[in-house]
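Quick notes on the structure that follows.
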Amino acid sequence: MAFGDLLEQVGGTGRFQILHVTLLCIPVLMMASHNLLQNFVAAVPPHFCSAHTNLSQSQLSPEETLLVTVPLDQKGKPERCQRYVAPQWYLLTKNGTSSSGEEGDTKGGLDVDLQGCTDGWSYNKAEMSTTIISEWHLVCDQRSLKQMGQTIYMGGVLVGAFVFGSLSDRYGRRILLLISNLLMAVAGTCAAFSNSFSLFCLFRFGCGMALSGIGLNTFSLIVEWIPTRVRTVVGTITGYSYTVGQLILALIAYFIRDWRWLTLTVSLPFYVFFLIAWWFHESSRWLALSNNPEQAIKNLKSVAKFNGRHEEGDKIDLNMLQESMKKEMSSVKGSYSILDLFRTPTMRNMTVCLSAVWLSTSFAYYGLAMDLQKFGVDFYLIQVIFGAVDIPAKVIITVSMCIIGRRPSQSGALIIAGITILINLLVPYDKQMTRTCLAVMGKGCLAASFNCCYLYSGELYPTIIRQNGMGWVSMMARVGAMVAPMVLLTADYIPWLPGLIYGGAPILSGVAAIFLPETLGSPLPDTIQDVEDRGSGRSSKMPPKETIILQDTQANLLKQAA
């Protein structure tokens with residue numbers, strides 16, 4: 001008897017599992033709200049220098065004040081970061097003209113001196129009443145701080161993966177999920193009431209850590225309480241919960257246009273999730289492996305009672321539990337580390353290629369998803385479109401993986417994504433519909449790539465080191481997400497450079513994916529030697545197994561939130 005048989009005995013897909021999975025998936029809806037919150041709370045409103053203080057009592061209209069105070073740029077719009085040293089009254093006359101220059105404007109052939117926005121900025125608050133940009137004037141010389149804020153948040157996600165990942169193996173999934181929910185609620189609330197940008201970044205770092213903790217422990221509690229036969233379906237449902245969460249964020253942000261209230265709105269539900277998490281049962285599998293079999297048996301009997309299988313639950317005893325856990329106990333006896341991913345040639349080549357795939361997928365994904373304003377259309381609408389495109393993208397890539405294989409699907413999704421991003425560089429800025437369609441196609445391909453690489457990576461790594469391998473490539477994805485916002489800063493020097501980098505990275509990693517072995521229809525490798533035999537073309541010594549679609553790993557779809 002295996003542990004899965006015990007789950008079936010107490011009701012593998014009974015009322016407990018349905019309620020358990022449903023309650024765990026609800027917070028996933030709100031995880032997307034924090035991951036993509038920067039699109040709205042850090043939206044950059046149209047802005048220009050405030051008028052000179054001596055004009056505050058003048059009888060000029062706002063349009064006239066702007067005309068005599070701020071020069072026009074080469075596109076005929078008010079300069080964002082410069083104004084005239086003194087008001088140019090002559091511009092109010094019919095024959096007055098204003099032309100922008102590098103160091104100053106001209107008046108009848110004479111230079112007119114310009115200066116920075118010494119009296120602050122004025123903002124157009126049509127789309128968002130307030131953002132952190134207008135609150136702390138993160139414009140002009142301070143504009144790089146916007147991207148720094150998102151990088152700090154992603155740094156929290158990375159640190160949280162290390163901290164909560166290791167702690168959950170030591171102290172359990174349920175207690176770490178409780179802590180993560182509470183941390184998200186408290187850090188999010190504090191971020192909403194921050195009175196400085198540095199405090200805001202500090203609390204957003206805490207939100208990033210909490211997001212990792214919620215994602216990792218939610219995943220563990222889901223897959224460890226359901227039988228293998230339904231993990232594919234449950235994993236897909238969980239992945240789509242994150243997709244729906246992107247649509248919910250756009251809806252909430254449309255009606256709440258103050259950044260403080262928006263941040264508070266997406267954080268308060270986690271107080272409720274914290275209370276709900278007290279109901280969850282700790283994983284009996286983890287309890288058994290952690291030398292707490294009595295509590296494991298108690299939890300299994302509680303689940304059996306909830307599912308209406310009281311008699312079957314009473315049959316479970318210590319001997320039955322120990323017998324079912326023999327295989328799991330033997331698998332944890334070996335000692336392996338991250339270094340084993342690089343010791344042998346095939347494992348090393350595989351890990352390098354997968355690292356490139358994960359890093360570039362996350363890098364380009366967040367490069368597109370976190371800069372919606374550049375498309376020149378309503379960013380509430382494009383947030384909905386960007387979220388909705390994930391639905392067909394995940395369906396198409398799943399069918400493709402089953403028909404043509406994992407390797408061409410992974411490589412193709414990345415190369416097509418990169419090509420669409422590069423083509424977008426050639427489209428004029430005023431062709432907004434074309435630019436948006438190409439961006440949506442690229443984002444859909446990157447979402448499909450995410451879907452593929454979770455499954456593909458799990459099939460490539462051997463059983464004895466699979467968790468280490470998945471942890472490593474997940475870390476590379478978070479590094480890509482951290483670097484992505486900073487690349488946008490290069491646009492200040494070379495406008496087309498970010499697009500070139502975002503498009504080039506997926507193409508290069510798509511080529512690297514060609515060097516990975518195909519796994520469609522192949523049994524899972526158990527040892528590193530199995531992987532080396534496969535890489536050298538020798539027949540594997542693995543016993544024949546069922547053709548596996550690696551249901552365990554596909555359930556990892558929810559990790560996209562992290």
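For the structure tokens, the naming scheme is as follows: chains receive sequential letters (A, B, ...) according to their order of presentation, residues are indexed from 1 within each chain, and ligands are indexed from 1 in presentation order.
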| Neighbour list for Leu372 (chain A) as JSON, numbers by chain, cut-off 10 Å, only C-alpha atoms, skip fewer than 5 positions in-chain | {"A": [39, 40, 43, 367, 377, 378, 379, 380, 381, 382, 383, 386, 436, 439]}
Would you mind exporting N, CA, C and O atoms of the selected residues as a JSON list (two decimals), in the first residue's frame?
[["chain", "number", "residue", "atom", "x", "y", "z"],
["A", 39, "ASN", "N", 1.54, 48.27, -11.77],
["A", 39, "ASN", "CA", 0.98, 48.87, -12.98],
["A", 39, "ASN", "C", 0.05, 50.02, -12.68],
["A", 39, "ASN", "O", -0.08, 50.96, -13.48],
["A", 40, "PHE", "N", -0.61, 49.99, -11.52],
["A", 40, "PHE", "CA", -1.61, 50.99, -11.20],
["A", 40, "PHE", "C", -1.14, 51.96, -10.11],
["A", 40, "PHE", "O", -1.30, 53.17, -10.26],
["A", 43, "ALA", "N", 1.54, 54.14, -11.72],
["A", 43, "ALA", "CA", 1.28, 54.70, -13.04],
["A", 43, "ALA", "C", 1.80, 56.13, -13.09],
["A", 43, "ALA", "O", 1.64, 56.90, -12.14],
["A", 367, "GLY", "N", 8.74, 42.05, -18.18],
["A", 367, "GLY", "CA", 9.09, 43.23, -18.97],
["A", 367, "GLY", "C", 7.89, 43.76, -19.73],
["A", 367, "GLY", "O", 7.71, 44.98, -19.87],
["A", 377, "VAL", "N", -2.60, 53.01, -24.94],
["A", 377, "VAL", "CA", -4.04, 52.79, -24.84],
["A", 377, "VAL", "C", -4.42, 52.68, -23.37],
["A", 377, "VAL", "O", -3.55, 52.65, -22.49],
["A", 378, "ASP", "N", -5.71, 52.65, -23.10],
["A", 378, "ASP", "CA", -6.20, 52.58, -21.73],
["A", 378, "ASP", "C", -5.61, 51.37, -21.02],
["A", 378, "ASP", "O", -5.80, 50.23, -21.44],
["A", 379, "PHE", "N", -4.87, 51.61, -19.92],
["A", 379, "PHE", "CA", -4.16, 50.49, -19.32],
["A", 379, "PHE", "C", -5.06, 49.61, -18.46],
["A", 379, "PHE", "O", -4.67, 48.51, -18.08],
["A", 380, "TYR", "N", -6.27, 50.05, -18.17],
["A", 380, "TYR", "CA", -7.24, 49.14, -17.54],
["A", 380, "TYR", "C", -7.68, 48.08, -18.55],
["A", 380, "TYR", "O", -7.77, 46.89, -18.23],
["A", 381, "LEU", "N", -7.93, 48.54, -19.76],
["A", 381, "LEU", "CA", -8.35, 47.61, -20.81],
["A", 381, "LEU", "C", -7.24, 46.63, -21.17],
["A", 381, "LEU", "O", -7.47, 45.42, -21.31],
["A", 382, "ILE", "N", -6.02, 47.14, -21.30],
["A", 382, "ILE", "CA", -4.93, 46.25, -21.71],
["A", 382, "ILE", "C", -4.57, 45.26, -20.60],
["A", 382, "ILE", "O", -4.13, 44.15, -20.87],
["A", 383, "GLN", "N", -4.81, 45.64, -19.33],
["A", 383, "GLN", "CA", -4.61, 44.67, -18.24],
["A", 383, "GLN", "C", -5.58, 43.50, -18.38],
["A", 383, "GLN", "O", -5.22, 42.34, -18.17],
["A", 386, "PHE", "N", -4.37, 41.44, -21.41],
["A", 386, "PHE", "CA", -3.16, 40.69, -21.06],
["A", 386, "PHE", "C", -3.50, 39.50, -20.15],
["A", 386, "PHE", "O", -2.84, 38.45, -20.23],
["A", 436, "THR", "N", -0.39, 46.88, -29.86],
["A", 436, "THR", "CA", -1.05, 46.16, -28.77],
["A", 436, "THR", "C", -1.26, 44.70, -29.13],
["A", 436, "THR", "O", -1.04, 43.80, -28.30],
["A", 439, "ALA", "N", 1.98, 42.85, -28.84],
["A", 439, "ALA", "CA", 2.35, 42.68, -27.44],
["A", 439, "ALA", "C", 1.52, 41.60, -26.77],
["A", 439, "ALA", "O", 2.04, 40.78, -25.99]]
| query | Can you tell me how far CA of Thr346 (chain A) sits from CA of Glu532 (chain A), in Å to one decimal? | reply | 5.6 Å
| Within 9 Å of region 246-260 of chain A using only C-alpha atoms, minus same-chain residues under 3 positions, as a VMD selection string | chain A and resid 29 to 34 36 to 37 40 to 42 127 to 132 191 to 194 241 to 243 263 to 266 379 to 388
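Nearest-residue note for Ser360 (chain A): choosing from A:Leu202, A:Leu455, A:Ala185, A:Leu446, the minimum distance belongs to A:Leu446, counting only C-alpha atoms.
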Contacts of Gly469 (chain A) at 8 Å or less, counting only C-alpha atoms, minus same-chain residues fewer than 4 places along, as a short mmCIF file (atom, residue, chain, number, x, y, z; two decimals) with all heavy atoms, in the first residue's frame?
data_model
loop_
_atom_site.label_atom_id
_atom_site.label_comp_id
_atom_site.auth_asym_id
_atom_site.auth_seq_id
_atom_site.Cartn_x
_atom_site.Cartn_y
_atom_site.Cartn_z
N ILE A 338 22.42 21.20 -4.59
CA ILE A 338 22.37 21.95 -5.85
C ILE A 338 23.58 21.62 -6.73
O ILE A 338 23.48 21.58 -7.96
CB ILE A 338 22.33 23.47 -5.56
CG1 ILE A 338 21.01 23.85 -4.89
CG2 ILE A 338 22.51 24.26 -6.84
CD1 ILE A 338 19.81 23.77 -5.77
N LEU A 341 23.47 19.19 -9.64
CA LEU A 341 22.87 19.60 -10.91
C LEU A 341 23.95 19.90 -11.95
O LEU A 341 23.66 19.98 -13.15
CB LEU A 341 21.99 20.83 -10.72
CG LEU A 341 20.80 20.70 -9.77
CD1 LEU A 341 20.11 22.04 -9.60
CD2 LEU A 341 19.81 19.66 -10.30
N THR A 351 20.78 21.67 -17.03
CA THR A 351 20.53 22.74 -16.06
C THR A 351 20.82 24.11 -16.64
O THR A 351 20.07 25.06 -16.41
CB THR A 351 21.38 22.51 -14.79
OG1 THR A 351 21.02 21.24 -14.21
CG2 THR A 351 21.15 23.60 -13.78
N SER A 457 10.48 20.76 -17.09
CA SER A 457 11.59 20.68 -16.14
C SER A 457 11.41 19.51 -15.18
O SER A 457 12.36 18.79 -14.87
CB SER A 457 11.71 21.98 -15.34
OG SER A 457 11.93 23.08 -16.19
N TYR A 461 14.33 16.37 -14.80
CA TYR A 461 15.14 16.10 -13.61
C TYR A 461 14.77 14.74 -13.01
O TYR A 461 13.60 14.38 -12.95
CB TYR A 461 14.97 17.20 -12.57
CG TYR A 461 15.74 18.46 -12.89
CD1 TYR A 461 15.10 19.68 -13.07
CD2 TYR A 461 17.13 18.42 -13.01
CE1 TYR A 461 15.82 20.83 -13.35
CE2 TYR A 461 17.85 19.56 -13.30
CZ TYR A 461 17.20 20.76 -13.47
OH TYR A 461 17.91 21.89 -13.77
N ILE A 465 16.57 14.17 -7.24
CA ILE A 465 17.04 15.56 -7.13
C ILE A 465 16.06 16.52 -7.80
O ILE A 465 16.39 17.68 -8.06
CB ILE A 465 18.45 15.67 -7.77
CG1 ILE A 465 19.19 16.90 -7.26
CG2 ILE A 465 18.37 15.63 -9.29
CD1 ILE A 465 20.63 16.95 -7.69
N VAL A 473 15.70 26.31 -10.89
CA VAL A 473 15.15 27.03 -12.05
C VAL A 473 14.12 28.06 -11.61
O VAL A 473 13.99 29.12 -12.25
CB VAL A 473 14.57 26.03 -13.08
CG1 VAL A 473 15.67 25.20 -13.71
CG2 VAL A 473 13.50 25.14 -12.47
#
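Counting only C-alpha atoms, the residue from A:Pro525, A:Gly405, A:Gly442, A:Gly76 that sits nearest to Thr361 (chain A) is A:Gly442.
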